[in-house]
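Asks: Below is the file structure_19.cif, with mmCIF, C-alpha atoms.
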data_structure
#
loop_
_atom_site.label_atom_id
_atom_site.label_comp_id
_atom_site.auth_asym_id
_atom_site.auth_seq_id
_atom_site.Cartn_x
_atom_site.Cartn_y
_atom_site.Cartn_z
CA MET A 1 232.49 198.45 247.54
CA LEU A 2 230.82 195.07 248.03
CA GLU A 3 232.79 191.82 247.97
CA ILE A 4 231.88 189.07 245.51
CA GLU A 5 230.47 186.83 248.25
CA GLN A 6 228.14 189.66 249.30
CA ILE A 7 226.46 189.77 245.89
CA LYS A 8 226.58 186.16 244.67
CA ASN A 9 223.18 184.40 244.75
CA LYS A 10 221.52 187.49 246.20
CA LEU A 11 218.61 189.72 245.26
CA PHE A 12 218.75 193.50 245.57
CA ILE A 13 215.81 195.89 245.78
CA GLY A 14 216.36 199.17 243.98
CA ASP A 15 217.49 200.83 240.75
CA CYS A 16 220.23 198.79 239.07
CA GLU A 17 221.98 201.99 237.98
CA GLN A 18 222.66 202.88 241.61
CA ILE A 19 223.13 199.37 243.01
CA LEU A 20 225.76 198.42 240.42
CA LYS A 21 227.98 201.33 241.49
CA ASP A 22 228.84 199.26 244.59
CA PHE A 23 229.70 196.08 242.66
CA PRO A 24 233.30 195.05 241.91
CA GLU A 25 234.44 195.73 238.36
CA LYS A 26 234.32 192.85 235.86
CA CYS A 27 232.69 190.46 238.34
CA ILE A 28 229.74 189.32 236.18
CA ASN A 29 230.11 186.69 233.44
CA LEU A 30 226.77 187.17 231.70
CA ILE A 31 224.01 189.78 231.88
CA PHE A 32 220.64 188.77 230.48
CA PHE A 33 217.53 190.86 230.91
CA SER A 34 214.27 192.01 229.43
CA PRO A 35 213.71 195.59 230.60
CA PRO A 36 210.29 197.21 230.98
CA TYR A 37 209.26 198.25 227.50
CA ALA A 38 208.28 201.85 226.76
CA ASP A 39 204.87 203.18 227.75
CA ILE A 40 203.33 200.16 229.47
CA ALA A 41 200.89 202.04 231.73
CA GLY A 42 198.28 199.82 233.34
CA LYS A 43 200.06 196.50 232.77
CA TYR A 44 201.66 196.19 236.21
CA LYS A 45 199.68 196.03 239.44
CA ASP A 46 202.39 198.02 241.22
CA GLY A 47 201.34 201.05 239.17
CA TYR A 48 204.52 201.33 237.09
CA LYS A 49 203.69 203.36 234.01
CA GLY A 50 206.85 202.89 231.99
CA VAL A 51 209.09 205.36 230.22
CA PRO A 52 207.84 207.33 227.19
CA PRO A 53 209.46 206.12 223.95
CA GLU A 54 211.09 209.50 223.32
CA ASP A 55 212.86 209.29 226.71
CA TYR A 56 213.67 205.60 226.69
CA SER A 57 217.30 205.62 225.51
CA ASN A 58 218.16 208.49 227.88
CA TRP A 59 216.73 206.42 230.71
CA MET A 60 218.53 203.21 229.75
CA ILE A 61 222.00 204.33 228.62
CA PRO A 62 223.29 205.29 232.11
CA LYS A 63 222.28 201.83 233.32
CA ILE A 64 224.11 200.21 230.40
CA HIS A 65 227.27 202.11 231.35
CA GLU A 66 227.13 200.59 234.84
CA MET A 67 226.55 197.12 233.38
CA TYR A 68 229.60 197.52 231.17
CA LYS A 69 231.76 198.24 234.23
CA VAL A 70 230.72 195.10 236.10
CA LEU A 71 230.81 192.72 233.11
CA ASP A 72 233.88 190.53 232.62
CA SER A 73 236.00 191.19 229.51
CA ARG A 74 234.86 187.86 227.98
CA GLY A 75 231.27 188.32 229.08
CA SER A 76 228.09 189.10 227.16
CA MET A 77 225.14 191.40 227.72
CA ILE A 78 221.98 190.02 226.09
CA ILE A 79 218.81 192.12 225.90
CA ASN A 80 215.31 190.90 225.02
CA ILE A 81 213.19 193.89 224.01
CA ASP A 82 210.29 194.78 221.76
CA SER A 83 209.17 198.00 220.10
CA ARG A 84 205.64 199.35 220.22
CA VAL A 85 203.16 201.24 218.10
CA VAL A 86 202.68 204.93 218.92
CA ASP A 87 199.87 206.87 217.23
CA GLY A 88 199.54 204.21 214.57
CA PHE A 89 203.24 204.02 213.67
CA ARG A 90 206.04 201.70 214.77
CA SER A 91 208.24 203.48 217.30
CA THR A 92 212.01 203.61 216.73
CA TYR A 93 213.01 203.68 220.40
CA VAL A 94 214.60 200.20 220.28
CA MET A 95 216.67 201.10 217.21
CA GLU A 96 217.78 204.30 218.90
CA LEU A 97 218.80 202.42 222.03
CA VAL A 98 220.82 199.83 220.10
CA LEU A 99 222.66 202.52 218.13
CA ARG A 100 223.46 204.48 221.27
CA ILE A 101 224.78 201.38 223.04
CA ILE A 102 227.16 200.79 220.12
CA LYS A 103 228.22 204.43 219.79
CA GLU A 104 228.35 205.53 223.43
CA THR A 105 229.58 202.47 225.36
CA GLY A 106 232.34 199.93 224.79
CA PHE A 107 229.88 197.27 223.66
CA HIS A 108 229.90 195.71 220.18
CA LEU A 109 226.81 194.12 218.67
CA TYR A 110 227.74 190.47 218.13
CA GLU A 111 224.35 189.34 216.83
CA GLU A 112 220.74 190.37 216.38
CA LEU A 113 218.46 187.43 217.13
CA THR A 114 214.72 187.07 216.69
CA TRP A 115 212.61 185.22 219.23
CA PHE A 116 209.57 183.51 217.69
CA LYS A 117 207.32 183.18 220.71
CA GLY A 118 204.37 181.62 218.92
CA LYS A 119 201.47 183.60 220.32
CA SER A 120 200.61 187.27 219.89
CA LEU A 121 197.76 189.71 220.27
CA CYS A 122 195.68 190.48 217.20
CA HIS A 123 194.76 193.94 215.95
CA PRO A 124 192.17 194.48 213.19
CA LYS A 125 194.40 196.96 211.34
CA ARG A 126 197.90 195.55 211.87
CA PHE A 127 199.94 192.44 211.13
CA ARG A 128 200.01 189.87 213.91
CA ASN A 129 203.48 189.98 215.45
CA PRO A 130 204.71 186.85 217.29
CA LEU A 131 208.33 188.09 217.27
CA GLU A 132 210.61 189.93 219.66
CA LYS A 133 214.22 191.00 219.25
CA ILE A 134 217.22 189.79 221.23
CA TYR A 135 220.44 191.81 220.99
CA TRP A 136 223.69 190.10 221.98
CA PHE A 137 226.43 192.55 222.95
CA VAL A 138 230.07 191.76 223.81
CA LYS A 139 233.18 193.69 224.82
CA GLN A 140 235.64 191.93 222.52
CA LYS A 141 235.93 189.26 219.82
CA ASP A 142 237.24 186.67 222.27
CA PHE A 143 234.14 186.13 224.40
CA THR A 144 232.61 183.08 226.04
CA PHE A 145 230.48 181.33 223.43
CA ASN A 146 229.40 177.69 223.55
CA LEU A 147 227.91 177.00 220.14
CA ASP A 148 227.49 173.28 220.77
CA GLU A 149 225.27 174.05 223.77
CA MET A 150 222.87 175.90 221.45
CA ARG A 151 222.61 173.36 218.64
CA VAL A 152 219.13 172.39 217.53
CA PRO A 153 217.67 169.18 216.02
CA TYR A 154 218.09 168.75 212.26
CA ASP A 155 214.93 168.99 210.22
CA LYS A 156 213.90 166.01 208.10
CA LYS A 157 214.86 167.66 204.80
CA SER A 158 218.43 168.27 205.98
CA LEU A 159 218.82 164.68 207.13
CA LYS A 160 217.50 163.49 203.77
CA ARG A 161 220.01 165.64 201.89
CA MET A 162 222.83 164.17 203.97
CA GLU A 163 222.12 160.76 202.46
CA ARG A 164 223.67 162.00 199.21
CA PRO A 165 227.36 162.95 198.88
CA ILE A 166 228.13 166.55 197.93
CA LYS A 167 230.74 167.92 195.56
CA LYS A 168 234.04 169.04 197.00
CA ARG A 169 235.18 172.54 196.31
CA PHE A 170 238.48 172.52 194.43
CA ALA A 171 240.67 174.88 192.40
CA ARG A 172 240.42 174.19 188.70
CA THR A 173 243.63 174.09 186.64
CA GLU A 174 244.32 173.66 182.94
CA GLU A 175 245.00 169.98 183.55
CA ASN A 176 241.95 169.50 185.73
CA GLN A 177 238.84 170.95 184.09
CA GLU A 178 236.39 168.08 184.34
CA LYS A 179 237.41 166.37 187.57
CA THR A 180 234.50 165.84 189.94
CA GLU A 181 235.11 164.86 193.55
CA TYR A 182 232.61 164.04 196.27
CA LYS A 183 232.70 163.96 200.04
CA GLU A 184 230.42 162.61 202.72
CA TRP A 185 228.11 164.96 204.54
CA LYS A 186 227.62 163.85 208.13
CA SER A 187 225.31 165.26 210.76
CA HIS A 188 226.78 166.62 213.97
CA PRO A 189 225.92 164.39 216.95
CA LEU A 190 224.68 167.39 218.95
CA GLY A 191 222.49 168.80 216.20
CA ALA A 192 222.50 171.58 213.62
CA ILE A 193 224.09 175.00 214.01
CA PRO A 194 221.39 177.30 215.40
CA SER A 195 219.93 180.09 213.29
CA THR A 196 219.19 183.65 214.32
CA LEU A 197 215.53 182.63 214.70
CA ILE A 198 214.87 181.16 218.15
CA LYS A 199 211.69 179.10 218.31
CA ILE A 200 210.68 178.81 221.96
CA GLY A 201 207.03 179.17 222.95
CA SER A 202 206.14 181.98 225.32
CA THR A 203 204.61 181.30 228.72
CA SER A 204 200.91 180.51 228.48
CA LYS A 205 200.02 182.19 231.77
CA ARG A 206 201.45 184.60 234.28
CA ILE A 207 203.96 183.29 236.78
CA CYS A 208 202.17 185.40 239.37
CA ASP A 209 199.16 187.70 239.26
CA PHE A 210 201.03 190.95 239.79
CA HIS A 211 203.61 190.73 236.97
CA CYS A 212 202.42 190.57 233.37
CA ALA A 213 205.67 190.41 231.40
CA THR A 214 207.39 187.04 231.76
CA PHE A 215 209.62 185.36 229.20
CA PRO A 216 209.94 181.54 229.45
CA ILE A 217 212.70 179.98 231.54
CA ALA A 218 213.62 177.92 228.45
CA LEU A 219 214.60 181.10 226.60
CA ALA A 220 216.87 182.22 229.43
CA GLU A 221 218.39 178.73 229.71
CA TYR A 222 219.13 178.61 225.97
CA LEU A 223 221.04 181.90 226.04
CA ILE A 224 222.77 181.25 229.37
CA LYS A 225 224.09 177.90 228.10
CA GLY A 226 225.49 179.58 225.03
CA GLY A 227 227.05 182.57 226.76
CA SER A 228 228.44 181.18 230.02
CA ASN A 229 229.94 178.14 231.72
CA SER A 230 229.02 176.11 234.77
CA GLY A 231 229.72 178.14 237.90
CA SER A 232 229.52 181.49 236.07
CA LEU A 233 227.83 184.48 237.66
CA ILE A 234 224.66 185.53 235.82
CA MET A 235 222.91 188.83 236.47
CA ASP A 236 219.45 190.11 235.63
CA PRO A 237 219.22 193.83 236.48
CA PHE A 238 215.43 193.81 235.89
CA SER A 239 214.80 190.43 237.45
CA GLY A 240 211.03 190.67 238.04
CA THR A 241 209.67 187.28 239.04
CA GLY A 242 213.06 185.58 238.71
CA GLN A 243 212.94 183.70 235.40
CA THR A 244 216.61 184.38 234.61
CA LEU A 245 217.63 183.49 238.15
CA MET A 246 215.74 180.19 238.03
CA ALA A 247 217.37 179.37 234.69
CA ALA A 248 220.82 180.12 236.11
CA LYS A 249 220.19 177.93 239.13
CA ASN A 250 218.88 175.09 236.95
CA LEU A 251 222.13 175.23 234.95
CA LYS A 252 224.39 175.26 238.02
CA ARG A 253 225.32 178.92 237.63
CA ASN A 254 225.36 181.58 240.31
CA TYR A 255 222.95 184.49 240.01
CA ILE A 256 222.24 188.09 240.98
CA GLY A 257 218.82 189.70 240.70
CA ILE A 258 217.94 193.38 240.95
CA ASP A 259 214.47 194.89 240.85
CA LEU A 260 212.77 198.06 242.03
CA ILE A 261 209.77 196.26 243.49
CA LYS A 262 210.15 194.47 246.83
CA GLU A 263 207.17 192.22 246.10
CA TYR A 264 208.87 190.87 242.98
CA CYS A 265 212.12 190.23 244.84
CA ASP A 266 210.29 188.45 247.67
CA PHE A 267 208.47 186.28 245.13
CA SER A 268 211.74 185.42 243.35
CA ARG A 269 213.53 184.65 246.60
CA ASN A 270 210.76 182.24 247.58
CA ARG A 271 210.92 180.47 244.19
CA LEU A 272 214.68 180.07 244.43
CA THR A 273 214.46 178.74 247.98
CA VAL A 274 211.68 176.22 247.28
CA ASN A 275 213.05 174.89 243.97
#
Starting from the file, lay out its structure as structure tokens.

Replies:
Amino acid sequence: MLEIEQIKNKLFIGDCEQILKDFPEKCINLIFFSPPYADIAGKYKDGYKGVPPEDYSNWMIPKIHEMYKVLDSRGSMIINIDSRVVDGFRSTYVMELVLRIIKETGFHLYEELTWFKGKSLCHPKRFRNPLEKIYWFVKQKDFTFNLDEMRVPYDKKSLKRMERPIKKRFARTEENQEKTEYKEWKSHPLGAIPSTLIKIGSTSKRICDFHCATFPIALAEYLIKGGSNSGSLIMDPFSGTGQTLMAAKNLKRNYIGIDLIKEYCDFSRNRLTVN
């Protein structure tokens, strides 16, 4: 069994399912990752072909079990994932995975978020889809959640409405049928409560030539701020080029990265050392 100082701010090469067996229990404060999506043959220069949709949940669930063991009781596991079209129809492999996580592990689904990434590929016979799903899982109701860190700017219409007082809610009685009361509506100094739609533009180009799937650091930072505190230990079990790790470092968190490909880990390690 590894000690905490042997894993903190380190990168590991290999399958997270096996590597996590050597981690201390409940040592991670937040897990955020975007796993390889199903059937992505030809998109990675390392030759990785992906897992067929029909096998995807069987491939992922054992890894989720190991993540559950190493996650702190007040921690969160946040997954960014997208479905795909198979033979002209939308695959259900993501839905199947989410249901199995809920039914077969100790995780509860706190929230289903939608990431509006702005750009998307066009297909002549399908709707353009600039959205991806983000599933936020927790172990218990009392988990680390910093809502104020995730607040967003008010839109102009909301600020305009706040210029007018709004009616108070009150219990009517026989003696009080017509009474109308008003109260002030003030904006929060840190912004509006965030919605389940996250509007953060996707990266416009690859971080490096040999890895095609990269979410923006801003997305990782947004979720890390909301689900952890300064000094927390953040893990990405599919760390790729190190976007999650860079976000954690930027926010004064500790990090752990795991990836099968040595070239990706070397690239991430160099980024973290230089920046």

Asks: Between CA of Lys103 in chain A and CA of Ser34 in chain A, what is the spacing in Å?

Replies: 21.0 Å

Asks: Could you tell me, as a list in words, exactly which residues end up selected when the PyMOL selection byres ((chain A and resi 100) around 12) is applied to this structure?

Replies: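 When the PyMOL selection byres ((chain A and resi 100) around 12) is applied to the shown file, the picked residues are Tyr56, Ser57, Asn58, Trp59, Met60, Ile61, Pro62, Ile64, His65, Tyr93, Val94, Met95, Glu96, Leu97, Val98, Leu99, Ile101, Ile102, Lys103, Glu104, Thr105, Gly106, Phe107, His108 and Leu109 of chain A.
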
Asks: Run the PyMOL selection byres ((chain A and resi 262) around 10) on the file and write out the hits as a short mmCIF file (atom, residue, chain, number, x, y, z; two decimals) with C-alpha atoms, in the coordinates of the input.

Replies:
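expr-v2.cif was written with the following content:
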data_model
loop_
_atom_site.label_atom_id
_atom_site.label_comp_id
_atom_site.auth_asym_id
_atom_site.auth_seq_id
_atom_site.Cartn_x
_atom_site.Cartn_y
_atom_site.Cartn_z
CA LEU A 11 218.61 189.72 245.26
CA PHE A 12 218.75 193.50 245.57
CA ILE A 13 215.81 195.89 245.78
CA GLY A 14 216.36 199.17 243.98
CA GLY A 240 211.03 190.67 238.04
CA ILE A 258 217.94 193.38 240.95
CA ASP A 259 214.47 194.89 240.85
CA LEU A 260 212.77 198.06 242.03
CA ILE A 261 209.77 196.26 243.49
CA GLU A 263 207.17 192.22 246.10
CA TYR A 264 208.87 190.87 242.98
CA CYS A 265 212.12 190.23 244.84
CA ASP A 266 210.29 188.45 247.67
CA PHE A 267 208.47 186.28 245.13
CA SER A 268 211.74 185.42 243.35
#

Asks: Go through A:Ile234, A:Arg90, A:Asn80, A:Asn250 and flag the residue nearest Asn9 in chain A, using all atoms listed in the file for the distances.

Replies: A:Ile234

Asks: Do you have the CA of Gly191 in chain A-CA of Met235 in chain A distance handy?

Replies: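 Taking CA of Gly191 in chain A and CA of Met235 in chain A, their separation equals 28.5 Å.
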
Asks: For Ile224 in chain A, which residue out of A:Gly75, A:Pro35, A:Gly88, A:Pro52 is the nearest one, using all atoms listed in the file?

Replies: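 Closest to Ile224 in chain A of all the choices is A:Gly75.
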
Asks: Please, what distance in Å, to one decimal, runs between CA of Val70 in chain A and CA of Phe137 in chain A?

Replies: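 These two atoms are separated by 14.1 Å.
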
Asks: I need the residue nearest Ala192 in chain A from this list: A:Tyr222, A:Thr273, A:Arg151, A:Ser232. Use only C-alpha atoms for the distance.

Replies: A:Arg151

Asks: Return as a list in words the set of residues that the PyMOL selection byres ((chain A and resi 25) around 10) yields on the displayed structure.

Replies: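 Written out, the selection comes to Met1, Leu20, Lys21, Asp22, Phe23, Pro24, Lys26, Cys27, Ile28, Glu66, Met67, Tyr68, Lys69, Val70, Leu71 and Asp72 of chain A.
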
Asks: From the set A:Lys133, A:Lys199, A:His188, A:Lys63, which residue has the shortest atom-to-atom contact distance to Cys16 in chain A, counting all atoms listed in the file?

Replies: A:Lys63

Asks: Could you list as a count of residues only every residue that has an atom within 6 Å of (214.3, 180.8, 241.3), using the file's coordinates and counting only C-alpha atoms?

Replies: 6

Asks: Restricting the calculation to only C-alpha atoms: of A:Ile7, A:Leu223, A:Ile256, A:Leu190, which residue gets closest to Phe145 in chain A?

Replies: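 Checking each of A:Ile7, A:Leu223, A:Ile256, A:Leu190 against Phe145 in chain A, counting only C-alpha atoms, the winner is A:Leu223.
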
Asks: I need the residue nearest Ser239 in chain A from this list: A:Asp39, A:Asp15, A:Asp155, A:Glu163. Use only C-alpha atoms for the distance.

Replies: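 Under the stated criterion, the closest residue is A:Asp15.
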
Asks: List as a ChimeraX atom specification the residues having at least one atom at most 7 Å from position (206.2, 185.7, 216.8) as given in the file, counting all atoms listed in the file.

Replies: /A:115-120,129-132

Asks: Do you know which residues are at most 10 Å from Gly227 in chain A counting only C-alpha atoms, after dropping those on the same chain fewer than 5 positions away, and could you put them as a PyMOL selection string?

Replies: chain A and resi 29-32+74-78+136+143-147+149-150+221-222+232+234
